[in-house]
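What follows is model13.pdb (PDB, N, CA and C atoms).
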ATOM      1  N   MET A  20       0.008  -7.515  26.715  1.00  0.00           N
ATOM      2  CA  MET A  20       0.425  -7.014  25.424  1.00  0.00           C
ATOM      3  C   MET A  20       0.180  -5.502  25.400  1.00  0.00           C
ATOM      4  N   THR A  21       1.186  -4.760  24.958  1.00  0.00           N
ATOM      5  CA  THR A  21       1.037  -3.311  24.894  1.00  0.00           C
ATOM      6  C   THR A  21       0.174  -2.927  23.695  1.00  0.00           C
ATOM      7  N   ASP A  22      -0.334  -1.696  23.729  1.00  0.00           N
ATOM      8  CA  ASP A  22      -1.141  -1.206  22.614  1.00  0.00           C
ATOM      9  C   ASP A  22      -0.335  -1.182  21.320  1.00  0.00           C
ATOM     10  N   LEU A  23       0.932  -0.786  21.413  1.00  0.00           N
ATOM     11  CA  LEU A  23       1.789  -0.733  20.232  1.00  0.00           C
ATOM     12  C   LEU A  23       1.983  -2.132  19.651  1.00  0.00           C
ATOM     13  N   HIS A  24       2.224  -3.108  20.515  1.00  0.00           N
ATOM     14  CA  HIS A  24       2.417  -4.483  20.065  1.00  0.00           C
ATOM     15  C   HIS A  24       1.133  -5.031  19.438  1.00  0.00           C
ATOM     16  N   ALA A  25       0.003  -4.755  20.047  1.00  0.00           N
ATOM     17  CA  ALA A  25      -1.284  -5.210  19.511  1.00  0.00           C
ATOM     18  C   ALA A  25      -1.560  -4.565  18.161  1.00  0.00           C
ATOM     19  N   SER A  26      -1.252  -3.276  18.047  1.00  0.00           N
ATOM     20  CA  SER A  26      -1.455  -2.577  16.784  1.00  0.00           C
ATOM     21  C   SER A  26      -0.563  -3.159  15.700  1.00  0.00           C
ATOM     22  N   TRP A  27       0.691  -3.426  16.045  1.00  0.00           N
ATOM     23  CA  TRP A  27       1.634  -4.003  15.088  1.00  0.00           C
ATOM     24  C   TRP A  27       1.167  -5.382  14.634  1.00  0.00           C
ATOM     25  N   CYS A  28       0.723  -6.199  15.566  1.00  0.00           N
ATOM     26  CA  CYS A  28       0.232  -7.545  15.230  1.00  0.00           C
ATOM     27  C   CYS A  28      -0.996  -7.466  14.328  1.00  0.00           C
ATOM     28  N   HIS A  29      -1.869  -6.516  14.598  1.00  0.00           N
ATOM     29  CA  HIS A  29      -3.070  -6.331  13.782  1.00  0.00           C
ATOM     30  C   HIS A  29      -2.683  -5.915  12.369  1.00  0.00           C
ATOM     31  N   GLU A  30      -1.774  -4.965  12.233  1.00  0.00           N
ATOM     32  CA  GLU A  30      -1.320  -4.505  10.907  1.00  0.00           C
ATOM     33  C   GLU A  30      -0.651  -5.640  10.144  1.00  0.00           C
ATOM     34  N   LEU A  31       0.150  -6.428  10.829  1.00  0.00           N
ATOM     35  CA  LEU A  31       0.818  -7.559  10.194  1.00  0.00           C
ATOM     36  C   LEU A  31      -0.198  -8.581   9.696  1.00  0.00           C
ATOM     37  N   ALA A  32      -1.184  -8.884  10.496  1.00  0.00           N
ATOM     38  CA  ALA A  32      -2.219  -9.842  10.101  1.00  0.00           C
ATOM     39  C   ALA A  32      -2.996  -9.342   8.890  1.00  0.00           C
ATOM     40  N   GLU A  33      -3.325  -8.057   8.858  1.00  0.00           N
ATOM     41  CA  GLU A  33      -4.038  -7.490   7.714  1.00  0.00           C
ATOM     42  C   GLU A  33      -3.190  -7.535   6.452  1.00  0.00           C
ATOM     43  N   THR A  34      -1.916  -7.250   6.585  1.00  0.00           N
ATOM     44  CA  THR A  34      -1.016  -7.278   5.438  1.00  0.00           C
ATOM     45  C   THR A  34      -0.902  -8.686   4.878  1.00  0.00           C
ATOM     46  N   LEU A  35      -0.770  -9.657   5.744  1.00  0.00           N
ATOM     47  CA  LEU A  35      -0.650 -11.041   5.294  1.00  0.00           C
ATOM     48  C   LEU A  35      -1.941 -11.558   4.669  1.00  0.00           C
ATOM     49  N   ALA A  36      -3.069 -11.043   5.124  1.00  0.00           N
ATOM     50  CA  ALA A  36      -4.355 -11.495   4.605  1.00  0.00           C
ATOM     51  C   ALA A  36      -4.720 -10.822   3.288  1.00  0.00           C
ATOM     52  N   ALA A  37      -4.083  -9.707   2.979  1.00  0.00           N
ATOM     53  CA  ALA A  37      -4.429  -8.933   1.781  1.00  0.00           C
ATOM     54  C   ALA A  37      -3.896  -9.616   0.540  1.00  0.00           C
ATOM     55  N   GLY A  38      -4.739  -9.728  -0.437  1.00  0.00           N
ATOM     56  CA  GLY A  38      -4.302 -10.226  -1.745  1.00  0.00           C
ATOM     57  C   GLY A  38      -4.041 -11.712  -1.775  1.00  0.00           C
ATOM     58  N   GLU A  39      -3.867 -12.164  -2.983  1.00  0.00           N
ATOM     59  CA  GLU A  39      -3.634 -13.577  -3.216  1.00  0.00           C
ATOM     60  C   GLU A  39      -2.134 -13.823  -3.301  1.00  0.00           C
ATOM     61  N   ARG A  40      -1.687 -14.919  -2.784  1.00  0.00           N
ATOM     62  CA  ARG A  40      -0.277 -15.280  -2.818  1.00  0.00           C
ATOM     63  C   ARG A  40       0.119 -15.711  -4.223  1.00  0.00           C
ATOM     64  N   ILE A  41       1.334 -15.318  -4.657  1.00  0.00           N
ATOM     65  CA  ILE A  41       1.800 -15.729  -5.983  1.00  0.00           C
ATOM     66  C   ILE A  41       2.311 -17.159  -5.967  1.00  0.00           C
ATOM     67  N   GLY A  42       2.613 -17.675  -4.811  1.00  0.00           N
ATOM     68  CA  GLY A  42       3.224 -18.991  -4.732  1.00  0.00           C
ATOM     69  C   GLY A  42       2.278 -20.126  -4.405  1.00  0.00           C
ATOM     70  N   LYS A  43       1.000 -19.999  -4.752  1.00  0.00           N
ATOM     71  CA  LYS A  43       0.056 -21.067  -4.430  1.00  0.00           C
ATOM     72  C   LYS A  43       0.417 -22.366  -5.128  1.00  0.00           C
ATOM     73  N   THR A  44       0.880 -22.262  -6.357  1.00  0.00           N
ATOM     74  CA  THR A  44       1.324 -23.444  -7.092  1.00  0.00           C
ATOM     75  C   THR A  44       2.707 -23.140  -7.668  1.00  0.00           C
ATOM     76  N   SER A  45       3.444 -24.189  -7.988  1.00  0.00           N
ATOM     77  CA  SER A  45       4.772 -23.978  -8.554  1.00  0.00           C
ATOM     78  C   SER A  45       4.678 -23.330  -9.931  1.00  0.00           C
ATOM     79  N   GLU A  46       3.606 -23.619 -10.674  1.00  0.00           N
ATOM     80  CA  GLU A  46       3.431 -23.016 -11.997  1.00  0.00           C
ATOM     81  C   GLU A  46       3.254 -21.498 -11.878  1.00  0.00           C
ATOM     82  N   ARG A  47       2.431 -21.071 -10.950  1.00  0.00           N
ATOM     83  CA  ARG A  47       2.200 -19.633 -10.759  1.00  0.00           C
ATOM     84  C   ARG A  47       3.460 -18.945 -10.256  1.00  0.00           C
ATOM     85  N   PHE A  48       4.186 -19.621  -9.372  1.00  0.00           N
ATOM     86  CA  PHE A  48       5.428 -19.057  -8.867  1.00  0.00           C
ATOM     87  C   PHE A  48       6.438 -18.902 -10.001  1.00  0.00           C
ATOM     88  N   ASN A  49       6.552 -19.912 -10.850  1.00  0.00           N
ATOM     89  CA  ASN A  49       7.480 -19.851 -11.981  1.00  0.00           C
ATOM     90  C   ASN A  49       7.106 -18.728 -12.948  1.00  0.00           C
ATOM     91  N   LYS A  50       5.809 -18.542 -13.189  1.00  0.00           N
ATOM     92  CA  LYS A  50       5.366 -17.451 -14.070  1.00  0.00           C
ATOM     93  C   LYS A  50       5.729 -16.096 -13.463  1.00  0.00           C
ATOM     94  N   ALA A  51       5.562 -15.962 -12.175  1.00  0.00           N
ATOM     95  CA  ALA A  51       5.921 -14.711 -11.503  1.00  0.00           C
ATOM     96  C   ALA A  51       7.427 -14.460 -11.618  1.00  0.00           C
ATOM     97  N   CYS A  52       8.220 -15.499 -11.450  1.00  0.00           N
ATOM     98  CA  CYS A  52       9.676 -15.357 -11.577  1.00  0.00           C
ATOM     99  C   CYS A  52      10.068 -14.974 -12.996  1.00  0.00           C
ATOM    100  N   GLU A  53       9.407 -15.547 -13.987  1.00  0.00           N
ATOM    101  CA  GLU A  53       9.679 -15.184 -15.379  1.00  0.00           C
ATOM    102  C   GLU A  53       9.341 -13.710 -15.620  1.00  0.00           C
ATOM    103  N   HIS A  54       8.225 -13.260 -15.087  1.00  0.00           N
ATOM    104  CA  HIS A  54       7.817 -11.864 -15.239  1.00  0.00           C
ATOM    105  C   HIS A  54       8.861 -10.934 -14.609  1.00  0.00           C
ATOM    106  N   ILE A  55       9.330 -11.287 -13.423  1.00  0.00           N
ATOM    107  CA  ILE A  55      10.346 -10.492 -12.737  1.00  0.00           C
ATOM    108  C   ILE A  55      11.633 -10.447 -13.560  1.00  0.00           C
ATOM    109  N   THR A  56      12.018 -11.584 -14.115  1.00  0.00           N
ATOM    110  CA  THR A  56      13.222 -11.647 -14.945  1.00  0.00           C
ATOM    111  C   THR A  56      13.100 -10.733 -16.156  1.00  0.00           C
ATOM    112  N   HIS A  57      11.941 -10.732 -16.798  1.00  0.00           N
ATOM    113  CA  HIS A  57      11.725  -9.861 -17.958  1.00  0.00           C
ATOM    114  C   HIS A  57      11.785  -8.383 -17.561  1.00  0.00           C
ATOM    115  N   LEU A  58      11.203  -8.046 -16.418  1.00  0.00           N
ATOM    116  CA  LEU A  58      11.267  -6.659 -15.950  1.00  0.00           C
ATOM    117  C   LEU A  58      12.715  -6.222 -15.731  1.00  0.00           C
ATOM    118  N   LEU A  59      13.517  -7.102 -15.136  1.00  0.00           N
ATOM    119  CA  LEU A  59      14.910  -6.755 -14.877  1.00  0.00           C
ATOM    120  C   LEU A  59      15.727  -6.673 -16.161  1.00  0.00           C
ATOM    121  N   GLN A  60      15.430  -7.534 -17.128  1.00  0.00           N
ATOM    122  CA  GLN A  60      16.114  -7.458 -18.425  1.00  0.00           C
ATOM    123  C   GLN A  60      15.768  -6.149 -19.135  1.00  0.00           C
ATOM    124  N   ASP A  61      14.497  -5.785 -19.086  1.00  0.00           N
ATOM    125  CA  ASP A  61      14.072  -4.513 -19.689  1.00  0.00           C
ATOM    126  C   ASP A  61      14.721  -3.332 -18.973  1.00  0.00           C
ATOM    127  N   ALA A  62      14.798  -3.410 -17.653  1.00  0.00           N
ATOM    128  CA  ALA A  62      15.435  -2.339 -16.886  1.00  0.00           C
ATOM    129  C   ALA A  62      16.894  -2.190 -17.290  1.00  0.00           C
ATOM    130  N   SER A  63      17.567  -3.305 -17.494  1.00  0.00           N
ATOM    131  CA  SER A  63      18.961  -3.278 -17.913  1.00  0.00           C
ATOM    132  C   SER A  63      19.111  -2.639 -19.291  1.00  0.00           C
ATOM    133  N   ALA A  64      18.219  -2.983 -20.203  1.00  0.00           N
ATOM    134  CA  ALA A  64      18.268  -2.415 -21.555  1.00  0.00           C
ATOM    135  C   ALA A  64      18.039  -0.907 -21.522  1.00  0.00           C
ATOM    136  N   PHE A  65      17.078  -0.458 -20.719  1.00  0.00           N
ATOM    137  CA  PHE A  65      16.821   0.977 -20.608  1.00  0.00           C
ATOM    138  C   PHE A  65      18.005   1.708 -19.977  1.00  0.00           C
ATOM    139  N   LEU A  66      18.651   1.075 -18.998  1.00  0.00           N
ATOM    140  CA  LEU A  66      19.814   1.690 -18.373  1.00  0.00           C
ATOM    141  C   LEU A  66      20.940   1.858 -19.393  1.00  0.00           C
ATOM    142  N   GLU A  67      21.189   0.819 -20.188  1.00  0.00           N
ATOM    143  CA  GLU A  67      22.230   0.892 -21.212  1.00  0.00           C
ATOM    144  C   GLU A  67      21.903   1.955 -22.262  1.00  0.00           C
ATOM    145  N   ALA A  68      20.615   2.181 -22.508  1.00  0.00           N
ATOM    146  CA  ALA A  68      20.201   3.192 -23.487  1.00  0.00           C
ATOM    147  C   ALA A  68      20.193   4.599 -22.896  1.00  0.00           C
ATOM    148  N   GLY A  69      20.480   4.709 -21.607  1.00  0.00           N
ATOM    149  CA  GLY A  69      20.542   6.020 -20.969  1.00  0.00           C
ATOM    150  C   GLY A  69      19.239   6.504 -20.365  1.00  0.00           C
ATOM    151  N   SER A  70      18.229   5.660 -20.343  1.00  0.00           N
ATOM    152  CA  SER A  70      16.939   6.039 -19.758  1.00  0.00           C
ATOM    153  C   SER A  70      16.910   5.594 -18.290  1.00  0.00           C
ATOM    154  N   HIS A  71      17.537   6.392 -17.454  1.00  0.00           N
ATOM    155  CA  HIS A  71      17.727   6.013 -16.059  1.00  0.00           C
ATOM    156  C   HIS A  71      16.428   5.960 -15.266  1.00  0.00           C
ATOM    157  N   ALA A  72      15.527   6.892 -15.517  1.00  0.00           N
ATOM    158  CA  ALA A  72      14.264   6.917 -14.763  1.00  0.00           C
ATOM    159  C   ALA A  72      13.418   5.678 -15.062  1.00  0.00           C
ATOM    160  N   THR A  73      13.332   5.309 -16.341  1.00  0.00           N
ATOM    161  CA  THR A  73      12.551   4.129 -16.706  1.00  0.00           C
ATOM    162  C   THR A  73      13.199   2.869 -16.144  1.00  0.00           C
ATOM    163  N   SER A  74      14.516   2.813 -16.191  1.00  0.00           N
ATOM    164  CA  SER A  74      15.231   1.675 -15.635  1.00  0.00           C
ATOM    165  C   SER A  74      14.965   1.538 -14.136  1.00  0.00           C
ATOM    166  N   ALA A  75      15.015   2.658 -13.430  1.00  0.00           N
ATOM    167  CA  ALA A  75      14.758   2.626 -11.991  1.00  0.00           C
ATOM    168  C   ALA A  75      13.336   2.190 -11.690  1.00  0.00           C
ATOM    169  N   PHE A  76      12.375   2.701 -12.479  1.00  0.00           N
ATOM    170  CA  PHE A  76      10.969   2.330 -12.273  1.00  0.00           C
ATOM    171  C   PHE A  76      10.770   0.818 -12.452  1.00  0.00           C
ATOM    172  N   LEU A  77      11.329   0.266 -13.525  1.00  0.00           N
ATOM    173  CA  LEU A  77      11.169  -1.170 -13.763  1.00  0.00           C
ATOM    174  C   LEU A  77      11.872  -2.004 -12.696  1.00  0.00           C
ATOM    175  N   SER A  78      13.025  -1.542 -12.252  1.00  0.00           N
ATOM    176  CA  SER A  78      13.754  -2.256 -11.194  1.00  0.00           C
ATOM    177  C   SER A  78      12.954  -2.289  -9.901  1.00  0.00           C
ATOM    178  N   ILE A  79      12.387  -1.145  -9.543  1.00  0.00           N
ATOM    179  CA  ILE A  79      11.575  -1.080  -8.318  1.00  0.00           C
ATOM    180  C   ILE A  79      10.327  -1.943  -8.467  1.00  0.00           C
ATOM    181  N   SER A  80       9.717  -1.910  -9.636  1.00  0.00           N
ATOM    182  CA  SER A  80       8.528  -2.741  -9.886  1.00  0.00           C
ATOM    183  C   SER A  80       8.866  -4.219  -9.736  1.00  0.00           C
ATOM    184  N   ALA A  81      10.023  -4.622 -10.224  1.00  0.00           N
ATOM    185  CA  ALA A  81      10.436  -6.027 -10.101  1.00  0.00           C
ATOM    186  C   ALA A  81      10.633  -6.426  -8.643  1.00  0.00           C
ATOM    187  N   LEU A  82      11.146  -5.514  -7.842  1.00  0.00           N
ATOM    188  CA  LEU A  82      11.366  -5.817  -6.435  1.00  0.00           C
ATOM    189  C   LEU A  82      10.064  -5.935  -5.657  1.00  0.00           C
ATOM    190  N   GLU A  83       9.083  -5.158  -6.053  1.00  0.00           N
ATOM    191  CA  GLU A  83       7.804  -5.186  -5.340  1.00  0.00           C
ATOM    192  C   GLU A  83       7.084  -6.463  -5.632  1.00  0.00           C
TER
END
What would the structure in this file look like if it were written as structure tokens?
Amino acid sequence: MTDLHASWCHELAETLAAGERIGKTSERFNKACEHITHLLQDASAFLEAGSHATSAFLSISALE
């Protein structure tokens, strides 16, 4: 295994281990999906109102 490959595997393992998964239960997953839906609806409303920066921020937040 090359150093680059080992480094990549290490970074991937750390990323996967960081934080708690949102999908541990279907209830938690559904709540997360509802939250994302609300963020996107709000982003749409801000876009229609001409607030492009706020719309972009909420859209990016929903994707993350």
key: chain A: residues DSSP assigns to helix (DSSP H, G or I), reported as a ChimeraX atom specification   = /A:22-36,45-67,71-82
Restrict the selected residues to N, CA and C atoms and save them as a compact mmCIF listing (two decimals), keeping the file's coordinate frame.
# COMPACT_ATOMS: atom_id res chain seq x y z
N ASP A 22 -0.33 -1.70 23.73
CA ASP A 22 -1.14 -1.21 22.61
C ASP A 22 -0.34 -1.18 21.32
N LEU A 23 0.93 -0.79 21.41
CA LEU A 23 1.79 -0.73 20.23
C LEU A 23 1.98 -2.13 19.65
N HIS A 24 2.22 -3.11 20.52
CA HIS A 24 2.42 -4.48 20.07
C HIS A 24 1.13 -5.03 19.44
N ALA A 25 0.00 -4.76 20.05
CA ALA A 25 -1.28 -5.21 19.51
C ALA A 25 -1.56 -4.57 18.16
N SER A 26 -1.25 -3.28 18.05
CA SER A 26 -1.46 -2.58 16.78
C SER A 26 -0.56 -3.16 15.70
N TRP A 27 0.69 -3.43 16.05
CA TRP A 27 1.63 -4.00 15.09
C TRP A 27 1.17 -5.38 14.63
N CYS A 28 0.72 -6.20 15.57
CA CYS A 28 0.23 -7.54 15.23
C CYS A 28 -1.00 -7.47 14.33
N HIS A 29 -1.87 -6.52 14.60
CA HIS A 29 -3.07 -6.33 13.78
C HIS A 29 -2.68 -5.92 12.37
N GLU A 30 -1.77 -4.96 12.23
CA GLU A 30 -1.32 -4.50 10.91
C GLU A 30 -0.65 -5.64 10.14
N LEU A 31 0.15 -6.43 10.83
CA LEU A 31 0.82 -7.56 10.19
C LEU A 31 -0.20 -8.58 9.70
N ALA A 32 -1.18 -8.88 10.50
CA ALA A 32 -2.22 -9.84 10.10
C ALA A 32 -3.00 -9.34 8.89
N GLU A 33 -3.32 -8.06 8.86
CA GLU A 33 -4.04 -7.49 7.71
C GLU A 33 -3.19 -7.54 6.45
N THR A 34 -1.92 -7.25 6.58
CA THR A 34 -1.02 -7.28 5.44
C THR A 34 -0.90 -8.69 4.88
N LEU A 35 -0.77 -9.66 5.74
CA LEU A 35 -0.65 -11.04 5.29
C LEU A 35 -1.94 -11.56 4.67
N ALA A 36 -3.07 -11.04 5.12
CA ALA A 36 -4.36 -11.50 4.61
C ALA A 36 -4.72 -10.82 3.29
N SER A 45 3.44 -24.19 -7.99
CA SER A 45 4.77 -23.98 -8.55
C SER A 45 4.68 -23.33 -9.93
N GLU A 46 3.61 -23.62 -10.67
CA GLU A 46 3.43 -23.02 -12.00
C GLU A 46 3.25 -21.50 -11.88
N ARG A 47 2.43 -21.07 -10.95
CA ARG A 47 2.20 -19.63 -10.76
C ARG A 47 3.46 -18.94 -10.26
N PHE A 48 4.19 -19.62 -9.37
CA PHE A 48 5.43 -19.06 -8.87
C PHE A 48 6.44 -18.90 -10.00
N ASN A 49 6.55 -19.91 -10.85
CA ASN A 49 7.48 -19.85 -11.98
C ASN A 49 7.11 -18.73 -12.95
N LYS A 50 5.81 -18.54 -13.19
CA LYS A 50 5.37 -17.45 -14.07
C LYS A 50 5.73 -16.10 -13.46
N ALA A 51 5.56 -15.96 -12.18
CA ALA A 51 5.92 -14.71 -11.50
C ALA A 51 7.43 -14.46 -11.62
N CYS A 52 8.22 -15.50 -11.45
CA CYS A 52 9.68 -15.36 -11.58
C CYS A 52 10.07 -14.97 -13.00
N GLU A 53 9.41 -15.55 -13.99
CA GLU A 53 9.68 -15.18 -15.38
C GLU A 53 9.34 -13.71 -15.62
N HIS A 54 8.22 -13.26 -15.09
CA HIS A 54 7.82 -11.86 -15.24
C HIS A 54 8.86 -10.93 -14.61
N ILE A 55 9.33 -11.29 -13.42
CA ILE A 55 10.35 -10.49 -12.74
C ILE A 55 11.63 -10.45 -13.56
N THR A 56 12.02 -11.58 -14.12
CA THR A 56 13.22 -11.65 -14.94
C THR A 56 13.10 -10.73 -16.16
N HIS A 57 11.94 -10.73 -16.80
CA HIS A 57 11.72 -9.86 -17.96
C HIS A 57 11.78 -8.38 -17.56
N LEU A 58 11.20 -8.05 -16.42
CA LEU A 58 11.27 -6.66 -15.95
C LEU A 58 12.72 -6.22 -15.73
N LEU A 59 13.52 -7.10 -15.14
CA LEU A 59 14.91 -6.76 -14.88
C LEU A 59 15.73 -6.67 -16.16
N GLN A 60 15.43 -7.53 -17.13
CA GLN A 60 16.11 -7.46 -18.42
C GLN A 60 15.77 -6.15 -19.14
N ASP A 61 14.50 -5.78 -19.09
CA ASP A 61 14.07 -4.51 -19.69
C ASP A 61 14.72 -3.33 -18.97
N ALA A 62 14.80 -3.41 -17.65
CA ALA A 62 15.44 -2.34 -16.89
C ALA A 62 16.89 -2.19 -17.29
N SER A 63 17.57 -3.30 -17.49
CA SER A 63 18.96 -3.28 -17.91
C SER A 63 19.11 -2.64 -19.29
N ALA A 64 18.22 -2.98 -20.20
CA ALA A 64 18.27 -2.42 -21.56
C ALA A 64 18.04 -0.91 -21.52
N PHE A 65 17.08 -0.46 -20.72
CA PHE A 65 16.82 0.98 -20.61
C PHE A 65 18.00 1.71 -19.98
N LEU A 66 18.65 1.08 -19.00
CA LEU A 66 19.81 1.69 -18.37
C LEU A 66 20.94 1.86 -19.39
N GLU A 67 21.19 0.82 -20.19
CA GLU A 67 22.23 0.89 -21.21
C GLU A 67 21.90 1.96 -22.26
N HIS A 71 17.54 6.39 -17.45
CA HIS A 71 17.73 6.01 -16.06
C HIS A 71 16.43 5.96 -15.27
N ALA A 72 15.53 6.89 -15.52
CA ALA A 72 14.26 6.92 -14.76
C ALA A 72 13.42 5.68 -15.06
N THR A 73 13.33 5.31 -16.34
CA THR A 73 12.55 4.13 -16.71
C THR A 73 13.20 2.87 -16.14
N SER A 74 14.52 2.81 -16.19
CA SER A 74 15.23 1.68 -15.64
C SER A 74 14.96 1.54 -14.14
N ALA A 75 15.02 2.66 -13.43
CA ALA A 75 14.76 2.63 -11.99
C ALA A 75 13.34 2.19 -11.69
N PHE A 76 12.38 2.70 -12.48
CA PHE A 76 10.97 2.33 -12.27
C PHE A 76 10.77 0.82 -12.45
N LEU A 77 11.33 0.27 -13.52
CA LEU A 77 11.17 -1.17 -13.76
C LEU A 77 11.87 -2.00 -12.70
N SER A 78 13.02 -1.54 -12.25
CA SER A 78 13.75 -2.26 -11.19
C SER A 78 12.95 -2.29 -9.90
N ILE A 79 12.39 -1.14 -9.54
CA ILE A 79 11.58 -1.08 -8.32
C ILE A 79 10.33 -1.94 -8.47
N SER A 80 9.72 -1.91 -9.64
CA SER A 80 8.53 -2.74 -9.89
C SER A 80 8.87 -4.22 -9.74
N ALA A 81 10.02 -4.62 -10.22
CA ALA A 81 10.44 -6.03 -10.10
C ALA A 81 10.63 -6.43 -8.64
N LEU A 82 11.15 -5.51 -7.84
CA LEU A 82 11.37 -5.82 -6.44
C LEU A 82 10.06 -5.94 -5.66
Exercise on segment 72-79 of chain A, axis-aligned box with 5 Å per side, report centre and edge lengths in Å to one decimal, as AutoDock Vina command-line options:
--center_x 12.9 --center_y 2.3 --center_z -12.5 --size_x 15.2 --size_y 19.2 --size_z 18.4
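Atom pair atom CA of Ala81 of chain A / atom CA of His29 of chain A: separated by 27.4 Å.
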